Structures are given as structure tokens and as C-alpha cells.
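**Q** Pasting in a structure now, in C-alpha cells, and then I'll have a few things to ask.
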Amino acid sequence: MQDWFYEMQTDFSRFGVRVTALLHKEKTPYQEIKIYDTVEYGRMLVLDDVIQLTELDEFVYHEMLAHVALHLHHNPSKVLVIGGGDGGTVREVSKHAAVKEVILAEIDERVVQVALDYLPFCSIALKNNPKLKLRIGDGLEAVRRASEEFDVIIVDSSDPVGPGEKLFTYDFYASVYKALKPGGMVAVQGESPWLHRPLVKRMNADIAAIFDEAAVFWGNIPTYPSGVMFFPLGCKGELPKKLLHPVLPGLKYYSAEVHKAAFVIPQYLLPDEM
């Protein structure tokens with residue numbers, strides 16, 4: 001097989017990847033899952049024809065989503081990951097010695113199994129991980145039931161359509177705030193500041209209105225729309241201005257220098273300027 005996969009990233013732009021094989025395809029009650037092998041990006045997870053990750057660059061997204069908040073929290077003992085059934089965020093969170101328990105709330109159990117079968121570079125921490133508690137179910141309900149239970153919540157959601165839509169609402173962020181302990185933090189997959197400007201502006205405004213302190217940082221992930229992704233960060237209390245822990249060794253993207261630079265946003269992309 002030598003063909004192309006195209007993702008329609010907006011109504012007027014698309015991203016193409018040369019694929020060599022369709023390794024898996026199935027329809028679940030929530031979405032269609034596909035696994036492709038590609039020429040340049042390695043294995044690729046696609047949900048409802050939207051790229052979720054590729055073997056080439058997934059570490060950028062997962063390291064930034066996980067490590068910024070975890071390096072800013074004084075003792076991130078209990079962490080909730082919402083979405084992220086591929087396991088990449090759990091893999092990064094589990095590297096922290098301070099983390100004693102990681103709860104993964106994934107609505108579609110087939111994403112977890114497909115990742116275990118086809119994406120071992122991501123799903124390695126989904127098996128034989130004494131820190132992990134896997135809960136198949138709605139992430140919104142997971143936070144609604146909690147009260148000052150978590151140190152850090154990481155929202156590793158798909159795009160705001162289908163099962164991920166309700167994870168982009170004011171009510172959801174308000175529930176997240178209540179589920180965090182004092183001093184707790186949330187880090188969120190925040191879409192593209194170039195191509196999703198109205199959504200990005202609304203998300204950041206909601207989080208800033210709910211949390212005591214908020215900020216936004218960014219990373220470069222080539223296969224995501226425009227190659228740039230924002231990550232809103234909210235704190236239930238004062239947001240530390242510097243790292244509280246030495247950066248973990250062996251990471252491929254995140255570093256103390258990258259952490260500092262990630263909060264420097266070009267003027268055009270500042271949420272307040274959108």
C-alpha cells in the first residue's frame with residue numbers, strides 16, 4: 001500500500017501524510033479508530049479521521065502536557081488524566097517519583113486496547129504499572145464526583161467534537177477546580193492559536209475566570225494543526241513562577257530552558273490580543 005491520508009484541519013486547509021499500511025480499523029460506540037503506518041512519521045493514531053499522535057513527534061505533546069505542571073507542583077502525589085487512552089501522558093506522569101497514584105479516565109476502552117496492541121512506544125505504562133488505576137468512563141463524571149481529591153489534573157482530550165466536546169466547557173473547568181486540592185493545577189490540551197483562535201480565546205478566558213491564577217504555554221508538534229499547540233494552565237492558589245523540582249533526566253523535548261521559553265508567547269498569539 002502506498003497512499004495518502006489527509007486530515008481536514010479547517011474547512012480550508014488539510015494536512016497530508018504518505019501511508020504504507022492501514023494496520024487497524026474499527027468503529028466503536030464513540031468513534032472510528034485507525035492505526036496507519038507512515039513513511040516519515042512512523043505509526044499514527046487517527047480518531048474520526050483526525051490525527052491524535054504519530055511515533056515521530058508524540059513525545060513533544062506528552063512531555064509538555066505532563067511535565068510543566070508536575071514540575072511546578074510542590075508534591076504531585078495524586079494525578080488524574082482525562083482522555084489519553086493511548087498511554088503517552090500516563091507514561092510521562094509515571095516517571096515522577098513524587099507521583100504515587102495515576103488515575104486514567106478514558107471513555108473508550110477500545111482506544112486503550114488498540115494502543116496496547118499497536119502503539120507500544122506510548123502504551124508501555126498502561127501495563128504492569130503499580131501507580132496506575134484505569135477507569136473506563138466519562139472524564140466529566142470523574143471530576144464531578146471528586147472534591148479536593150487531586151493534586152494535578154491533565155486533560156488529554158481529543159478535539160471538541162464527539163466524546164471530547166464537553167471537555168471544553170466552562171462547567172467542566174469549574175468541576176476541575178472543585179476536584180483539585182488547594183495548590184492543585186490543571187494542564188489542558190488547548191488547540192492551535194493560529195487556526196482555532198476563537199476557541200483558544202474562550203478556553204483561556206474560562207480558565208482565567210475560574211482559577212485563582214492562570215497562564216498559557218506552548219509547544220511545537222509538527223502533525224497538529226499549524227504545528228503549534230497551546231496548553232492552558234490553571235492553579236487553585238498561587239501559580240509558582242519557577243520550577244520546584246530538578247527536571248527529570250532522559251526527556252527528549254522538555255527542559256528547564258524549554259519550560260521558561262514555553263511561557264513566552266508572541267504578541268500576535270497572546271490570548272488577550274486575539
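If you're wondering about the labels, chains in the C-alpha cells are A, B, ... by order shown, residues count from 1 in each chain, ligands from 1 in order shown.
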Near His196 (chain A), within 10 Å and counting only C-alpha atoms, which residues show up once chain neighbours fewer than 3 positions away are dropped, as a list in words?
**A**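 Selected residues are Gln9, Thr10, Gly190, Glu191, Ser192, Pro193, Leu199, Val200, Lys201, Pro225, Ser226 and Met229 of chain A.
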**Q** CA of Ser175 (chain A) and CA of Ser94 (chain A) are how many Å apart?
**A**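 For CA of Ser175 (chain A) relative to CA of Ser94 (chain A), the distance reads 24.3 Å.
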**Q** At a cut-off of 12 Å, can you tabulate as a Markdown table every residue of region 164-232 of chain A near region 64-87 of chain A together with its closest atom pair and the distance in Å to one decimal, using only C-alpha atoms and ordering rows by chain then number?
**A**
```
| residue | atom | partner | partner_atom | distance |
| --- | --- | --- | --- | --- |
| A:Gly164 | CA | A:Gly83 | CA | 8.4 |
| A:Glu165 | CA | A:Gly83 | CA | 11.9 |
| A:Lys166 | CA | A:Ile82 | CA | 11.9 |
| A:Leu167 | CA | A:Ile82 | CA | 9.0 |
| A:Phe172 | CA | A:Ile82 | CA | 11.6 |
| A:Val176 | CA | A:Leu80 | CA | 10.2 |
| A:Ala179 | CA | A:Leu80 | CA | 9.8 |
| A:Leu180 | CA | A:Val79 | CA | 9.7 |
| A:Lys181 | CA | A:Lys78 | CA | 9.9 |
| A:Pro182 | CA | A:His73 | CA | 10.9 |
| A:Gly183 | CA | A:His73 | CA | 7.6 |
| A:Gly184 | CA | A:His73 | CA | 7.3 |
| A:Met185 | CA | A:Ala69 | CA | 6.6 |
| A:Val186 | CA | A:Ala69 | CA | 7.3 |
| A:Ala187 | CA | A:Leu65 | CA | 6.4 |
| A:Val188 | CA | A:Leu65 | CA | 7.1 |
| A:Gln189 | CA | A:Leu65 | CA | 7.1 |
| A:Gly190 | CA | A:Leu65 | CA | 9.8 |
| A:Ala214 | CA | A:Ala69 | CA | 11.6 |
| A:Ala215 | CA | A:Ala69 | CA | 11.1 |
| A:Val216 | CA | A:Val68 | CA | 10.7 |
| A:Phe217 | CA | A:Val68 | CA | 8.9 |
| A:Trp218 | CA | A:Met64 | CA | 8.0 |
| A:Gly219 | CA | A:Met64 | CA | 6.9 |
| A:Asn220 | CA | A:Met64 | CA | 9.6 |
| A:Ile221 | CA | A:Met64 | CA | 10.2 |
| A:Met229 | CA | A:Met64 | CA | 10.1 |
| A:Phe230 | CA | A:Leu65 | CA | 9.7 |
| A:Phe231 | CA | A:Leu65 | CA | 7.0 |
| A:Pro232 | CA | A:Leu65 | CA | 9.5 |
```
**Q** Check the smallest atom-to-atom distance from each of A:Phe211, A:Thr223, A:Tyr170, A:His24 to Leu56 (chain A) using only C-alpha atoms, then report the winner.
**A**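 Smallest separation from Leu56 (chain A) among the options: A:Thr223.
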**Q** With distances taken over only C-alpha atoms, which of A:Ala97, A:Ala105, A:Leu244, A:Ala261 is nearest to Leu140 (chain A)?
**A**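 Using only C-alpha atoms, Leu140 (chain A) sits closest to A:Ala105.
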**Q** With distances taken over only C-alpha atoms, which of A:Val161, A:Leu195, A:Cys235, A:Leu134 is nearest to Phe12 (chain A)?
**A** A:Leu195
**Q** With distances taken over only C-alpha atoms, which residue among A:Ser255, A:Gln113, A:Glu148, A:Glu55 lies nearest Glu26 (chain A)?
**A**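 Among A:Ser255, A:Gln113, A:Glu148, A:Glu55, it is A:Gln113 that comes nearest to Glu26 (chain A).
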**Q** Compare A:Val46, A:Met203, A:Ile153, A:Leu269 by their minimum atom-to-atom distance to Leu119 (chain A), counting only C-alpha atoms, and give me the closest one.
**A**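 Selected residue with least distance to Leu119 (chain A): A:Val46.
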**Q** How many Å separate CA of Asp37 (chain A) from CA of Ser158 (chain A)?
**A**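 Rounded to one decimal, the two atoms are 20.5 Å apart.
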